[in-house]
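**Student:** I have a structure I would like to understand better, so I am pasting it below and will then ask my questions one at a time.
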Amino acid sequence: MKFTHLHVHSHYSLLDGLAKIEDLVTRAKELGMDSLALTDHGNLYGVIEFYKKAKAAGIKPIIGCEMYIAYEDMHQRRPNIDDKRYHLTVLAYNNQGYHNLVKLVTKAHLEGYYYKPRIDKKTLKEYSEGLIALAGCFSGEVAHAVKNKKNDIAERLIAEYQDVFGRENFYLEIQPHFNFPDQMEINARMAELSKKTGAKLIATNDIHYVSPDDSEAQDILVSVQTGTKIDDENRLTMKNANLSMRSPEEMLALFPDTPEAISNTQEIADKVNINIPLGSWVFPDIKIPKGTTFDSELERLTYEGIAKRGLEKTPEIESRIQYELDIIKDKGFAPYFLTVADLLAFSHNQGILTNVRGSVAGSLVTYLIRITNINPILFKLPFERFLNPERPSAPDIDMDFADNRRDEVIQYAKDTYGEDKVAQIGTFGTMMARAAVRDVARALGYPYGVGDRIAKLIPFGSQGFPMTIAEALKITPELKELYDRDTDTHTIIDRAQKLEGCVRHISIHAAGVVIAPKPLSEYVPLQLDPKGDKKIITQYDMYSVEDIGLLKFDFLGIRNLAILEDAVRLVKYFRKIEVDIEKIPMDDKKTFELLTRGETIGLFQLNGSGMTHYLKELKPTTIHDINAMVALYRPGPIESIPTYIERKHNPRLVQFFDPRMKDILSESYGVVTYQDDVMLIAIRLAGYSWLEADKLRKAMGKKIPAEMAAQKQKLIDGFMKNGMGPQKAEGLWRLIEPFAAYGFNKAHAASYGMVAYQTAYMKANYPGEYMTAVLTADSGDTEKIAEIIAECMRMGIPVLPPDINESFAKFTLIREDDPGNDKIRFGLETVKNVGVPIVEAIIVSRKKNGKKFSSLTDFVERVQHKDLNKKSLESLIKCGALDEFGERGLLLGNIDTILEYARENQKNVSQGQTSLFSLSPEINVSSIKMKPKPAATKKERLAWEKELLGLYVSEHPLEEYKEKLQNKVIPMVDLKNQPKNRLLSVGGLVSSMKKIMTKTGSPMLFVTIEDLTGKIEALVFPRMLEKNPTIWQEDKVLIVRGKLSDSERDNSLKLLCEEVSEVL
């Protein structure tokens, strides 16, 4: 007898289901099944992955969801009433049913969410066409009535569900989980109710994992979800039930008295006929002039762009345009290009700075319609890297916006294309190796240190290549030895491997947005961002979204574009100069001199000690030098930088491995620099097509040994067929192999290089404006602020504490005459305990009255705000914002008098009287009977600044130690570029300490040490502490020697102390 599993949870039933979809499909195939359902809890996250993998395996996919049925109305949220809900297994049996299921799940999330995404029967009935429902597990509504001996209610409920779905489409579910309370009784009563009501029986196993051996791992997974340990008696657990994928024979044996419950599963499977169209594109409904087509409109805009870009209609340009347009039209992508152009046109009109990354910069069409800002002909960028006749995938245009204005562009998309047609894309976070080890150890009841010790032995993966436990065991002898020797480690790692890769949560993709021609719920299930900010996201990830034909638009917020935009605004305000950042000269002498001096702090892509070192050696003179550095300063290609620099300064050293490579590598002095170089070498020297070259690129990027070996042989064979000897062919492979995983797209490097140049240009030509913008962008990061302030001081731009008369909300540029005398003040919003409403009131008062505050009295009279209380006024005094009205110690000591005056004044004004100040002209600060108070000490002033602004501003306690530390220590800002395995010294002020007791009962310290550029936490272990127990004190200046280590908790650097000395 054939049987189909219709109640199946994958790991997309978050932290509840353990089974990966591929494993479910594989197991079903092994058991001889020809169909399988997926019914995750309240979501459709895995549907497209399941659909594709089941189809590929020859298994009919049945798409479903175990939904949560609201107690009454899904829109009600009454505490202790509407938090009750029931389970219902809903399956789609045709395309209309699939679309209705998508809409139901969307409504459950967007309208019915209350602890869980809920739906009610009224809404179910509205969207019931094409759907089958199973009454659910023991948490189903019918089962609940049965458990409570309410047979009449059970019969009524069955009738209600039969009315919702149709009499033939509602089944009573029985399950073989006989260890669950009441399960046998529920099954017996369901059989009776089936006979009485005509609702057919269906047998399901509530699958949460593939094999019975996975039971413990799934139990641990539930403990991770609930934050409990597996030995907690009162926790949620399913360990007593077999929730694996049982064979048809097992299921039949478990229900000998109701064989129809087995055969009915196949009845449902046979009824299912769903076809989800994949691979055909759906474009936004972009408006174009009447009488035109998308193709003709794109062509018109392209030719208009020639003159707008200041170009001439040469044969070369016209030929390139027609070549590109023919490919774009042939592939039907004109609407996509027009939509991107529309979004960027809005941004340009609103003054929002943009940049477009990736291979799209190789398109002349996109340059002419103002999608990109780089002329691909000047930069020799190939269009085929972006789009070619052989490439099956859609074009990918990554749009960057100033990060503080990105949401404006998304809102424009919603306003233009429809609020219900635009959403951000969801993305799934999975349990990575280290986290899985720690989670498992905690759930099994081990102390934190046990799991932490094992996790620390697992190396970090590289970008795009996460480390797995299996790989770590292969490459880390210490971990393998511990695994083989220690029983606890063996247990933890074995369990963790089963949890590794399970989906842990859904969140918003950093950039991805979808825009559809019809409401999105026609295509994809939606939900709210779990963070609670009311943003709507797709339940399908970027891959599934593209599978169903929705093109992904990348809207990425970039901090450096916000910096440029702010700097341009400041230049216009202070210098009355309009800087068009897209039209700045590309041969600016000041810019290249700044880079040659290595003044790279605050620049995009070019900062950091390693990059700065190479720039000083390179002495760049063209934008191509910058692009090359952006591309080469990566693992692998970085080894070519010295050769690049040497050949730039000595052209006689330029050589080409093969004369045919000269046209490809002439700009980079014969050095293989970009991914495109590798692809063009394969095309021109090995006879590859663009499609084959793209496969080579992808294989090299994945670093899969078998793929790499196959590509190596194919490439070498191609070289030899095209006239190269075997030894030379092998040598050329070795030349390009370092680009295996880290080679940079040339168009991408050109896009990033352009922004890098723009930031360098603004810093070189408008230093005050630029550094003010950098400080504002980094205002939430005190370590970065410290680094930028140090750079400002080096540039001769003082950074001063806030001032009640000069500061605005953000960092404020102060220019009294010459730009050479610029200074920057902290913004008022940077002061702790001073909220936005007070800051706005201060600024509004200054603007409204057209004058500064003349005295403290004037200030408290004009700024009458409920939030100007003792705490906020005290903070303004302590940080120095009121220094011009009196010494800080004096003002602080009389704060109650000042506040009393403010209250009396406010009372008089509210009663219609004039202010106390105007009534008594002789009253000023001193006449408010200010009592003499001791002046604040320098130490107090600096401590207050640190407390309220996050760092020392007017002066740093380390200033007097500068010479003593010079050349003896590495600045904190440069530590991230230092190796982890060698001793180094840092020097600075002890700003905080924390003592803990180790497991052996010995004390150790966590000591924060800071210098003028940043800070680091030093770990002082018991042995080290015993040697120097009294040297570790706050405010002492120390030189600490030790080795760097990565923190496991926050991925920050730590210093493992081995020596310490005091600087006197």
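Chain labels follow the order of the structure tokens: the first chain is A, the next B, and so on; residue numbering restarts at 1 in every chain, and ligands are counted from 1 in their shown order.
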For Glu260 (chain A), work out the shell of residues within 8 Å, counting only C-alpha atoms and skipping chain neighbours fewer than 4 positions away, then give it as a list in words.
**Tutor:** Leu201, Ile202 and Asn264 of chain A
**Student:** Pull N, CA and C atoms from the residues just selected and write them as a compact mmCIF listing (two decimals), in the first residue's frame.
**Tutor:**
```txt
# COMPACT_ATOMS: atom_id res chain seq x y z
N LEU A 201 -10.36 9.69 7.62
CA LEU A 201 -9.18 9.62 8.48
C LEU A 201 -7.91 9.75 7.65
N ILE A 202 -6.91 10.34 8.25
CA ILE A 202 -5.60 10.43 7.60
C ILE A 202 -4.53 10.15 8.65
N ASN A 264 -5.65 6.88 2.39
CA ASN A 264 -6.15 8.24 2.14
C ASN A 264 -5.02 9.25 1.92
```
**Student:** If you count only C-alpha atoms, which residues fall within 7 Å of Leu951 (chain A), apart from same-chain ones fewer than 4 positions away, as a ChimeraX atom specification?
**Tutor:** /A:782,945-946
**Student:** Run DSSP on the backbone and tell me which residues of region 633-667 of chain A come out as alpha helix (DSSP H); list them as an NGL selection string.
**Tutor:** :A and (641-649 or 662-665)
**Student:** Would you mind exporting the chosen residues as an mmCIF file, in the first residue's frame, restricted to C-alpha atoms?
**Tutor:**
```cif
data_model
loop_
_atom_site.group_PDB
_atom_site.id
_atom_site.type_symbol
_atom_site.label_atom_id
_atom_site.label_comp_id
_atom_site.auth_asym_id
_atom_site.auth_seq_id
_atom_site.Cartn_x
_atom_site.Cartn_y
_atom_site.Cartn_z
ATOM 1 C CA ILE A 641 51.452 44.710 -4.972
ATOM 2 C CA PRO A 642 55.283 45.040 -4.660
ATOM 3 C CA THR A 643 55.631 44.000 -8.326
ATOM 4 C CA TYR A 644 52.953 46.501 -9.372
ATOM 5 C CA ILE A 645 54.712 49.313 -7.462
ATOM 6 C CA GLU A 646 58.161 48.388 -8.786
ATOM 7 C CA ARG A 647 56.970 48.349 -12.393
ATOM 8 C CA LYS A 648 55.097 51.630 -12.054
ATOM 9 C CA HIS A 649 58.268 53.393 -10.989
ATOM 10 C CA LYS A 662 49.630 43.011 -23.384
ATOM 11 C CA ASP A 663 46.252 44.363 -24.427
ATOM 12 C CA ILE A 664 44.691 42.919 -21.256
ATOM 13 C CA LEU A 665 47.343 43.990 -18.728
#
```
**Student:** For Arg309 (chain A), which residue among A:Gly358, A:Thr372, A:Ala334, A:Pro61 is the nearest when counting only C-alpha atoms?
**Tutor:**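 With only C-alpha atoms as the atom set, the closest residue is A:Thr372.
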**Student:** Would you kindly return, as an NGL selection string, each protein, DNA or RNA residue with an atom no farther than 10 Å from any atom of region 335-345 of chain A, considering only C-alpha atoms and excluding same-chain residues fewer than 3 positions away?
**Tutor:** :A and (281-288 or 293-295 or 297-298 or 301 or 328-329 or 332 or 348-356 or 365-366 or 369-372 or 394-401 or 409-410 or 412-413 or 416-417 or 515 or 551-555)
**Student:** Just the number, please: distance in Å from CA of Ala777 (chain A) to CA of Asn560 (chain A), one decimal.
**Tutor:** 8.2 Å
**Student:** Just to confirm, what's the straight-line distance from CA of Asp694 (chain A) to CA of Gln713 (chain A) in Å (one decimal)?
**Tutor:**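 Between CA of Asp694 (chain A) and CA of Gln713 (chain A) the gap is 16.2 Å.
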**Student:** Can you pull out the residues contacting Gly279 (chain A)? Cut-off 8 Å, using only C-alpha atoms, and skip same-chain residues under 4 positions away; I want them as an MDAnalysis selection string.
**Tutor:** chainID A and resid 546:549
**Student:** Just give me the gap between CA of Arg78 (chain A) and CA of Lys121 (chain A) in Å, one decimal is fine.
**Tutor:**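 Computing it gives 18.1 Å between the two atoms.
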**Student:** Would you list the contacts of Ala686 (chain A) as a list in words, taking every protein, DNA or RNA residue within 9 Å and counting only C-alpha atoms, but skipping same-chain residues closer than 3 positions in sequence?
**Tutor:**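 Listed by chain and then number, they are Ile681, Ala682, Ile683, Lys714, Leu715, Ile716, Asp717, Gly718, Phe719, Met720, Lys721 and Asn722 of chain A.
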**Student:** Just the selected residues (N, CA and C atoms), exported as a PDB file, in the first residue's frame, please.
**Tutor:**
```pdb
ATOM      1  N   ILE A 681      42.082  36.306 -20.200  1.00  0.00           N
ATOM      2  CA  ILE A 681      43.192  35.403 -20.532  1.00  0.00           C
ATOM      3  C   ILE A 681      42.634  34.057 -20.995  1.00  0.00           C
ATOM      4  N   ALA A 682      41.619  33.558 -20.276  1.00  0.00           N
ATOM      5  CA  ALA A 682      41.010  32.274 -20.663  1.00  0.00           C
ATOM      6  C   ALA A 682      40.343  32.383 -22.032  1.00  0.00           C
ATOM      7  N   ILE A 683      39.704  33.517 -22.313  1.00  0.00           N
ATOM      8  CA  ILE A 683      39.001  33.687 -23.588  1.00  0.00           C
ATOM      9  C   ILE A 683      39.998  33.807 -24.750  1.00  0.00           C
ATOM     10  N   LYS A 714      41.387  21.830 -17.900  1.00  0.00           N
ATOM     11  CA  LYS A 714      40.716  22.367 -19.092  1.00  0.00           C
ATOM     12  C   LYS A 714      41.429  23.613 -19.595  1.00  0.00           C
ATOM     13  N   LEU A 715      41.828  24.484 -18.654  1.00  0.00           N
ATOM     14  CA  LEU A 715      42.476  25.737 -19.030  1.00  0.00           C
ATOM     15  C   LEU A 715      43.855  25.466 -19.646  1.00  0.00           C
ATOM     16  N   ILE A 716      44.615  24.587 -19.008  1.00  0.00           N
ATOM     17  CA  ILE A 716      45.947  24.262 -19.530  1.00  0.00           C
ATOM     18  C   ILE A 716      45.825  23.625 -20.920  1.00  0.00           C
ATOM     19  N   ASP A 717      44.852  22.744 -21.087  1.00  0.00           N
ATOM     20  CA  ASP A 717      44.618  22.148 -22.409  1.00  0.00           C
ATOM     21  C   ASP A 717      44.304  23.230 -23.442  1.00  0.00           C
ATOM     22  N   GLY A 718      43.493  24.210 -23.021  1.00  0.00           N
ATOM     23  CA  GLY A 718      43.144  25.316 -23.922  1.00  0.00           C
ATOM     24  C   GLY A 718      44.357  26.153 -24.299  1.00  0.00           C
ATOM     25  N   PHE A 719      45.200  26.437 -23.313  1.00  0.00           N
ATOM     26  CA  PHE A 719      46.427  27.191 -23.599  1.00  0.00           C
ATOM     27  C   PHE A 719      47.277  26.443 -24.636  1.00  0.00           C
ATOM     28  N   MET A 720      47.408  25.130 -24.440  1.00  0.00           N
ATOM     29  CA  MET A 720      48.273  24.335 -25.317  1.00  0.00           C
ATOM     30  C   MET A 720      47.684  24.227 -26.736  1.00  0.00           C
ATOM     31  N   LYS A 721      46.354  24.134 -26.817  1.00  0.00           N
ATOM     32  CA  LYS A 721      45.719  24.093 -28.135  1.00  0.00           C
ATOM     33  C   LYS A 721      45.929  25.393 -28.897  1.00  0.00           C
ATOM     34  N   ASN A 722      46.134  26.471 -28.133  1.00  0.00           N
ATOM     35  CA  ASN A 722      46.307  27.781 -28.762  1.00  0.00           C
ATOM     36  C   ASN A 722      47.778  28.199 -28.824  1.00  0.00           C
TER      37      ASN A 722
END
```
**Student:** Nearest residue to Pro477 (chain A) out of A:Arg1023, A:Ile493, A:Asp677, A:Leu457, using only C-alpha atoms?
**Tutor:** A:Leu457
**Student:** Let me make sure I understand: among A:Glu900, A:Pro705, A:Thr1008, A:Gly610, which one has the smallest atom-to-atom distance to Asp1035 (chain A) if we use only C-alpha atoms?
**Tutor:**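 Counting only C-alpha atoms, the residue closest to Asp1035 (chain A) is A:Thr1008.
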**Student:** Which residues are close to Glu593 (chain A), i.e. within 10 Å by only C-alpha atoms, leaving aside same-chain residues fewer than 3 positions away? Reply as a list of chain:residue names.
**Tutor:**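 The residues that qualify are A:Asp588, A:Lys589, A:Lys590, A:Thr596, A:Arg597, A:Gly598, A:Glu599, A:Lys616, A:Lys619, A:Pro620, A:Thr621, A:Ala760, A:Ala764.
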**Student:** Excluding same-chain residues fewer than 5 positions from Ala154 (chain A), what lies within 7 Å of it counting only C-alpha atoms, as a ChimeraX atom specification?
**Tutor:** /A:142,145-146
**Student:** Rank A:Arg453, A:Arg652, A:Arg167, A:Arg438 by their smallest atom-to-atom distance to Lys200 (chain A), using only C-alpha atoms, and report the top residue only.
**Tutor:**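 Checking each of A:Arg453, A:Arg652, A:Arg167, A:Arg438 against Lys200 (chain A), counting only C-alpha atoms, the winner is A:Arg167.
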**Student:** Residues of region 217-370 of chain A classed as strand (DSSP E) by DSSP on the backbone are to be reported as a ChimeraX atom specification.
**Tutor:** /A:354-357
**Student:** Using only C-alpha atoms, which of A:Glu1062, A:Glu960, A:Glu861, A:Glu947 sits nearest Lys878 (chain A)?
**Tutor:**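 Smallest distance to Lys878 (chain A) is found for A:Glu947.
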**Student:** Of the candidates A:Tyr688, A:Ala402, A:Cys502, A:Ser507, which one gets nearest to Leu556 (chain A) if we count only C-alpha atoms?
**Tutor:**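 Once distances to Leu556 (chain A) are computed over only C-alpha atoms, the minimum belongs to A:Ala402.
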